[in-house]
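Peer 1: Before we start, here is the structure in question, set down as structure tokens.
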Amino acid sequence: MSKAATVYEKILEEVSKVIVGKREEVRLVLATILAGGHVLLEGVPGVAKTTLAKAIASALNLEFRRVQFTPDLLPSDIVGTMMYRNGEFVFNKGPIFTNVLLVDEINRASPKTQAALLEAMQERQVTVWGETYLLPEPFVVLATMNPVEVEGVYPLSEAQIDRFLSKVVLGYPSRDEAVEILDRLSLIEEWPVRPVAGAGDILRARKEIWGIHVDRNLKYYMVDIVEATRRHGSVKLGGSPRAVIAMMLLARALALIEGKSYVTADHVKAAARPALLHRIVLRPEARVAGVDVEQVINEVLDKVPPP
């Protein structure tokens, strides 16, 4: 087993102390982090989105900060601001200067505040008063969204949502999982997650990902999947070239944490959903008819034959 796969198993074991079930969701979040991307976590209140982010940061021994997005939040509340001290202006860094930034309810902030994240997420830096400040490495944004709220929210722009490498949906626990959560309440209060990795492990894995082999036929397979989303009758806007890139990076990361040196068609299929869920825009008539993006992706994967 590769070092990255061993580290992944240790992280999964620690996160599982406070997250009941959700192993596939945890796997996708960790794969996204190893691939150097950011994660959009969607789920109704109470399904452990914040706990998941905190547990992963704890297991990775990374600095963790949380920002609650609200309509009155300003860009300077996130990035920081210049302050006048002792006869000169000094930059006072905001909470974005961390390793893992949890952006809670990202769609509650105004578009101007949401846009403050664009440069940071894409270039790992922020610019204030013409001066550029580099962010710590690794830098990961985990943003949460409530799928049912429509009042007091601002839809994310396509540019903003495209900055997220993956979208992971957290659903309700099963009956047995809900009982197990009740059994573990006292344990969770004591916060048992201990650090089993570090920033060096993440940065090392990000380099190893580029050594994972992707057969040329699999690359065509990924391109065919994305192009099929554009041709689907229910889709107004399909996947972009960035969607193909996200799919390949995720597939490589999934292969790496399994200890494999190559990507398979199954890795591509597993990567397709989180890479495409937030990048496909349905036609209004399709939404009225009850079609959802998950259904479109399933149809595309069934239709496009793997190599």
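For the structure tokens, the naming scheme is as follows: chains receive sequential letters (A, B, ...) according to their order of presentation, residues are indexed from 1 within each chain, and ligands are indexed from 1 in presentation order.
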Against stretch 285-293 of chain A, which residues of stretch 151-236 of chain A fall within 12 Å? For each one I want the closest pair of atoms and the distance in Å (one decimal), counting only C-alpha atoms, rows by chain and increasing residue number, as a Markdown table.
Peer 2:
```
| residue | atom | partner | partner_atom | distance |
| --- | --- | --- | --- | --- |
| A:Lys167 | CA | A:Val293 | CA | 12.0 |
| A:Thr229 | CA | A:Val293 | CA | 9.9 |
| A:His232 | CA | A:Ala286 | CA | 10.9 |
| A:Gly233 | CA | A:Ala286 | CA | 8.6 |
| A:Ser234 | CA | A:Ala286 | CA | 5.4 |
| A:Val235 | CA | A:Ala286 | CA | 7.9 |
| A:Lys236 | CA | A:Ala286 | CA | 9.4 |
```
Peer 1: Go ahead and save the residues from that selection, with C-alpha atoms, as a PDB file, in the first residue's frame.
Peer 2:
```pdb
ATOM      1  CA  LYS A 167     -19.727  19.090  -4.917  1.00  0.00           C
ATOM      2  CA  THR A 229     -23.999  16.539 -20.801  1.00  0.00           C
ATOM      3  CA  HIS A 232     -28.651  16.189 -23.195  1.00  0.00           C
ATOM      4  CA  GLY A 233     -32.166  17.450 -23.923  1.00  0.00           C
ATOM      5  CA  SER A 234     -32.762  18.605 -20.339  1.00  0.00           C
ATOM      6  CA  VAL A 235     -29.539  20.580 -20.047  1.00  0.00           C
ATOM      7  CA  LYS A 236     -29.195  24.307 -20.704  1.00  0.00           C
TER       8      LYS A 236
END
```
Peer 1: Enumerate as a ChimeraX atom specification all residues of stretch 11-97 of chain A assigned to helix (DSSP H, G or I) by DSSP on the backbone, naming them with the chain letters and numbers the document uses.
Peer 2: /A:11-15,23-34,49-59,75-79
Peer 1: Please produce a file of those selected residues containing C-alpha atoms, as a PDB file, in the first residue's frame.
Peer 2:
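The result, stored in result32.pdb:
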```pdb
ATOM      1  CA  ILE A  11      -7.580   9.876   8.417  1.00  0.00           C
ATOM      2  CA  LEU A  12     -10.741   7.934   7.608  1.00  0.00           C
ATOM      3  CA  GLU A  13     -10.445   6.053  10.900  1.00  0.00           C
ATOM      4  CA  GLU A  14     -10.175   9.297  12.865  1.00  0.00           C
ATOM      5  CA  VAL A  15     -12.986  11.077  11.018  1.00  0.00           C
ATOM      6  CA  ARG A  23     -17.681   6.908   4.065  1.00  0.00           C
ATOM      7  CA  GLU A  24     -18.137   7.666   0.363  1.00  0.00           C
ATOM      8  CA  GLU A  25     -18.709  11.352   1.084  1.00  0.00           C
ATOM      9  CA  VAL A  26     -15.605  11.502   3.292  1.00  0.00           C
ATOM     10  CA  ARG A  27     -13.621   9.730   0.570  1.00  0.00           C
ATOM     11  CA  LEU A  28     -14.679  12.320  -2.016  1.00  0.00           C
ATOM     12  CA  VAL A  29     -13.836  15.264   0.261  1.00  0.00           C
ATOM     13  CA  LEU A  30     -10.386  13.860   1.032  1.00  0.00           C
ATOM     14  CA  ALA A  31      -9.778  13.058  -2.643  1.00  0.00           C
ATOM     15  CA  THR A  32     -10.653  16.654  -3.525  1.00  0.00           C
ATOM     16  CA  ILE A  33      -8.211  17.998  -0.934  1.00  0.00           C
ATOM     17  CA  LEU A  34      -5.460  15.707  -2.198  1.00  0.00           C
ATOM     18  CA  LYS A  49     -21.341  19.383   7.377  1.00  0.00           C
ATOM     19  CA  THR A  50     -19.461  21.508   9.914  1.00  0.00           C
ATOM     20  CA  THR A  51     -18.431  18.497  11.983  1.00  0.00           C
ATOM     21  CA  LEU A  52     -17.043  16.804   8.878  1.00  0.00           C
ATOM     22  CA  ALA A  53     -14.933  19.844   7.980  1.00  0.00           C
ATOM     23  CA  LYS A  54     -13.635  20.216  11.527  1.00  0.00           C
ATOM     24  CA  ALA A  55     -12.840  16.489  11.811  1.00  0.00           C
ATOM     25  CA  ILE A  56     -10.851  16.438   8.565  1.00  0.00           C
ATOM     26  CA  ALA A  57      -8.884  19.528   9.607  1.00  0.00           C
ATOM     27  CA  SER A  58      -8.166  17.938  13.005  1.00  0.00           C
ATOM     28  CA  ALA A  59      -7.027  14.633  11.498  1.00  0.00           C
ATOM     29  CA  PRO A  75     -15.096  41.309   1.806  1.00  0.00           C
ATOM     30  CA  SER A  76     -12.703  42.856   4.339  1.00  0.00           C
ATOM     31  CA  ASP A  77     -14.229  40.618   7.039  1.00  0.00           C
ATOM     32  CA  ILE A  78     -12.777  37.659   5.148  1.00  0.00           C
ATOM     33  CA  VAL A  79      -9.641  38.923   3.444  1.00  0.00           C
TER      34      VAL A  79
END
```
Peer 1: Mind listing the strand (DSSP E or B) residues of stretch 137-203 of chain A, per DSSP on the backbone, as a ChimeraX atom specification?
Peer 2: /A:140-145,166-169
Peer 1: Could those residues be written to a file, using C-alpha atoms, as an mmCIF file, in the first residue's frame?
Peer 2:
```cif
data_model
loop_
_atom_site.group_PDB
_atom_site.id
_atom_site.type_symbol
_atom_site.label_atom_id
_atom_site.label_comp_id
_atom_site.auth_asym_id
_atom_site.auth_seq_id
_atom_site.Cartn_x
_atom_site.Cartn_y
_atom_site.Cartn_z
ATOM 1 C CA VAL A 140 -8.697 24.522 1.141
ATOM 2 C CA VAL A 141 -12.167 26.072 1.116
ATOM 3 C CA LEU A 142 -15.017 23.903 2.354
ATOM 4 C CA ALA A 143 -18.239 25.792 1.683
ATOM 5 C CA THR A 144 -21.673 24.693 2.858
ATOM 6 C CA MET A 145 -25.043 25.306 1.255
ATOM 7 C CA SER A 166 -16.281 18.960 -6.440
ATOM 8 C CA LYS A 167 -19.727 19.090 -4.917
ATOM 9 C CA VAL A 168 -20.524 16.541 -2.216
ATOM 10 C CA VAL A 169 -24.095 16.062 -1.025
#
```
Peer 1: Looking at only C-alpha atoms, which of A:Thr81, A:Ser174, A:Ser186, A:Thr264 is the one that sits closest to A:His213?
Peer 2: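 Nearest candidate to A:His213 out of A:Thr81, A:Ser174, A:Ser186, A:Thr264: A:Thr264.
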Peer 1: At a cut-off of 8 Å, using only C-alpha atoms, what residues contact A:Leu187? Leave out same-chain residues fewer than 4 positions from it and give the result as a VMD selection string.
Peer 2: chain A and resid 18 191 to 192
Peer 1: Select, from A:Pro195, A:Pro138, A:Arg85, A:Asn107, the residue with the minimum atom-to-atom distance to A:Leu156, counting only C-alpha atoms.
Peer 2: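 Selected residue with least distance to A:Leu156: A:Asn107.
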Peer 1: Set the distance at 9 Å and use only C-alpha atoms: which residues neighbour A:Ala197 once local chain neighbours fewer than 2 positions away are removed? I'd like the list as a list in words.
Peer 2: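 In the requested format, the answer is Val7, Tyr8, Lys10, Ile11, Ala59, Leu60, Asn61, Leu62, Pro195, Ala199, Gly200, Asp201 and Ile202 of chain A.
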Peer 1: Could you turn the residues from that selection into a file that holds N, CA and C atoms, as a PDB file, in the first residue's frame?
Peer 2:
```pdb
ATOM      1  N   VAL A   7      -1.990   6.864   4.766  1.00  0.00           N
ATOM      2  CA  VAL A   7      -2.414   8.090   5.446  1.00  0.00           C
ATOM      3  C   VAL A   7      -3.919   8.269   5.331  1.00  0.00           C
ATOM      4  N   TYR A   8      -4.470   7.970   4.152  1.00  0.00           N
ATOM      5  CA  TYR A   8      -5.914   8.095   3.947  1.00  0.00           C
ATOM      6  C   TYR A   8      -6.682   7.199   4.917  1.00  0.00           C
ATOM      7  N   LYS A  10      -5.766   6.133   7.821  1.00  0.00           N
ATOM      8  CA  LYS A  10      -5.671   6.675   9.178  1.00  0.00           C
ATOM      9  C   LYS A  10      -6.622   7.854   9.359  1.00  0.00           C
ATOM     10  N   ILE A  11      -6.677   8.723   8.340  1.00  0.00           N
ATOM     11  CA  ILE A  11      -7.580   9.876   8.417  1.00  0.00           C
ATOM     12  C   ILE A  11      -9.032   9.414   8.476  1.00  0.00           C
ATOM     13  N   ALA A  59      -7.796  15.820  11.857  1.00  0.00           N
ATOM     14  CA  ALA A  59      -7.027  14.633  11.498  1.00  0.00           C
ATOM     15  C   ALA A  59      -5.796  14.985  10.674  1.00  0.00           C
ATOM     16  N   LEU A  60      -5.900  16.048   9.879  1.00  0.00           N
ATOM     17  CA  LEU A  60      -4.779  16.489   9.049  1.00  0.00           C
ATOM     18  C   LEU A  60      -3.847  17.443   9.798  1.00  0.00           C
ATOM     19  N   ASN A  61      -4.233  17.802  11.035  1.00  0.00           N
ATOM     20  CA  ASN A  61      -3.428  18.714  11.854  1.00  0.00           C
ATOM     21  C   ASN A  61      -3.208  20.047  11.146  1.00  0.00           C
ATOM     22  N   LEU A  62      -4.278  20.566  10.537  1.00  0.00           N
ATOM     23  CA  LEU A  62      -4.214  21.819   9.812  1.00  0.00           C
ATOM     24  C   LEU A  62      -4.966  22.910  10.572  1.00  0.00           C
ATOM     25  N   PRO A 195      -4.660  14.171  15.463  1.00  0.00           N
ATOM     26  CA  PRO A 195      -3.923  14.368  14.210  1.00  0.00           C
ATOM     27  C   PRO A 195      -3.118  13.130  13.819  1.00  0.00           C
ATOM     28  N   ALA A 199       0.503  18.847   6.928  1.00  0.00           N
ATOM     29  CA  ALA A 199       0.528  19.574   5.668  1.00  0.00           C
ATOM     30  C   ALA A 199       1.486  18.938   4.670  1.00  0.00           C
ATOM     31  N   GLY A 200       2.603  18.414   5.177  1.00  0.00           N
ATOM     32  CA  GLY A 200       3.580  17.765   4.301  1.00  0.00           C
ATOM     33  C   GLY A 200       3.005  16.574   3.571  1.00  0.00           C
ATOM     34  N   ASP A 201       2.149  15.801   4.244  1.00  0.00           N
ATOM     35  CA  ASP A 201       1.519  14.641   3.602  1.00  0.00           C
ATOM     36  C   ASP A 201       0.605  15.070   2.472  1.00  0.00           C
ATOM     37  N   ILE A 202      -0.129  16.166   2.674  1.00  0.00           N
ATOM     38  CA  ILE A 202      -1.028  16.666   1.633  1.00  0.00           C
ATOM     39  C   ILE A 202      -0.225  17.147   0.428  1.00  0.00           C
TER      40      ILE A 202
END
```
Peer 1: Would you compute the distance between atom CA of A:Arg124 and atom CA of A:His38? Give it in Å to one decimal.
Peer 2: 11.4 Å
Peer 1: What's the 12 Å shell around A:Ala159, counting only C-alpha atoms, without same-chain residues fewer than 3 positions away, as a PyMOL selection string?
Peer 2: chain A and resi 111+114-115+117-119+121-122+155-156+162-164+240+242+278-279
Peer 1: Quick one: residues within 8 Å of A:Leu250, only C-alpha atoms, excluding same-chain residues fewer than 2 positions away - as a list in words?
Peer 2: Ala31, Thr32, Ala35, Ala246, Met247, Met248, Arg252, Ala253, Leu254, Ala271 and Ala275 of chain A
Peer 1: Using N, CA and C atoms, can you write the selected residues to a file as a PDB file, in the first residue's frame?
Peer 2:
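Writing done, so here's selection_9.pdb:
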```pdb
ATOM      1  N   ALA A  31     -10.346  13.131  -1.291  1.00  0.00           N
ATOM      2  CA  ALA A  31      -9.778  13.058  -2.643  1.00  0.00           C
ATOM      3  C   ALA A  31      -9.675  14.452  -3.253  1.00  0.00           C
ATOM      4  N   THR A  32     -10.674  15.287  -3.003  1.00  0.00           N
ATOM      5  CA  THR A  32     -10.653  16.654  -3.525  1.00  0.00           C
ATOM      6  C   THR A  32      -9.509  17.456  -2.914  1.00  0.00           C
ATOM      7  N   ALA A  35      -6.328  16.408  -4.364  1.00  0.00           N
ATOM      8  CA  ALA A  35      -6.224  16.878  -5.746  1.00  0.00           C
ATOM      9  C   ALA A  35      -5.982  18.383  -5.823  1.00  0.00           C
ATOM     10  N   ALA A 246     -11.404  18.626 -13.679  1.00  0.00           N
ATOM     11  CA  ALA A 246     -11.798  18.233 -12.327  1.00  0.00           C
ATOM     12  C   ALA A 246     -12.012  16.731 -12.241  1.00  0.00           C
ATOM     13  N   MET A 247     -12.640  16.166 -13.270  1.00  0.00           N
ATOM     14  CA  MET A 247     -12.900  14.731 -13.284  1.00  0.00           C
ATOM     15  C   MET A 247     -11.598  13.932 -13.274  1.00  0.00           C
ATOM     16  N   MET A 248     -10.622  14.379 -14.087  1.00  0.00           N
ATOM     17  CA  MET A 248      -9.358  13.653 -14.151  1.00  0.00           C
ATOM     18  C   MET A 248      -8.586  13.764 -12.834  1.00  0.00           C
ATOM     19  N   ARG A 252      -7.691  10.579 -10.445  1.00  0.00           N
ATOM     20  CA  ARG A 252      -6.318  10.290 -10.041  1.00  0.00           C
ATOM     21  C   ARG A 252      -6.199  10.200  -8.520  1.00  0.00           C
ATOM     22  N   ALA A 253      -6.854  11.141  -7.826  1.00  0.00           N
ATOM     23  CA  ALA A 253      -6.792  11.145  -6.366  1.00  0.00           C
ATOM     24  C   ALA A 253      -7.465   9.905  -5.791  1.00  0.00           C
ATOM     25  N   LEU A 254      -8.578   9.488  -6.371  1.00  0.00           N
ATOM     26  CA  LEU A 254      -9.268   8.278  -5.904  1.00  0.00           C
ATOM     27  C   LEU A 254      -8.399   7.043  -6.115  1.00  0.00           C
ATOM     28  N   ALA A 271     -15.749   9.803 -10.018  1.00  0.00           N
ATOM     29  CA  ALA A 271     -15.375  11.214 -10.041  1.00  0.00           C
ATOM     30  C   ALA A 271     -16.376  12.065 -10.815  1.00  0.00           C
ATOM     31  N   ALA A 275     -17.812  16.000  -9.782  1.00  0.00           N
ATOM     32  CA  ALA A 275     -17.228  16.992 -10.692  1.00  0.00           C
ATOM     33  C   ALA A 275     -18.288  17.703 -11.527  1.00  0.00           C
TER      34      ALA A 275
END
```
Peer 1: Using only C-alpha atoms, find the one residue out of A:Pro306, A:Gly37, A:Pro136, A:Gly43 that sits nearest to A:Leu170.
Peer 2: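 Using only C-alpha atoms, A:Leu170 sits closest to A:Gly43.
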Peer 1: With only C-alpha atoms as the atoms that count, which of A:Ala116, A:Ala48, A:Ala270, A:Val67 lies nearest to A:Pro95?
Peer 2: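 Result for the nearest residue to A:Pro95: A:Val67.
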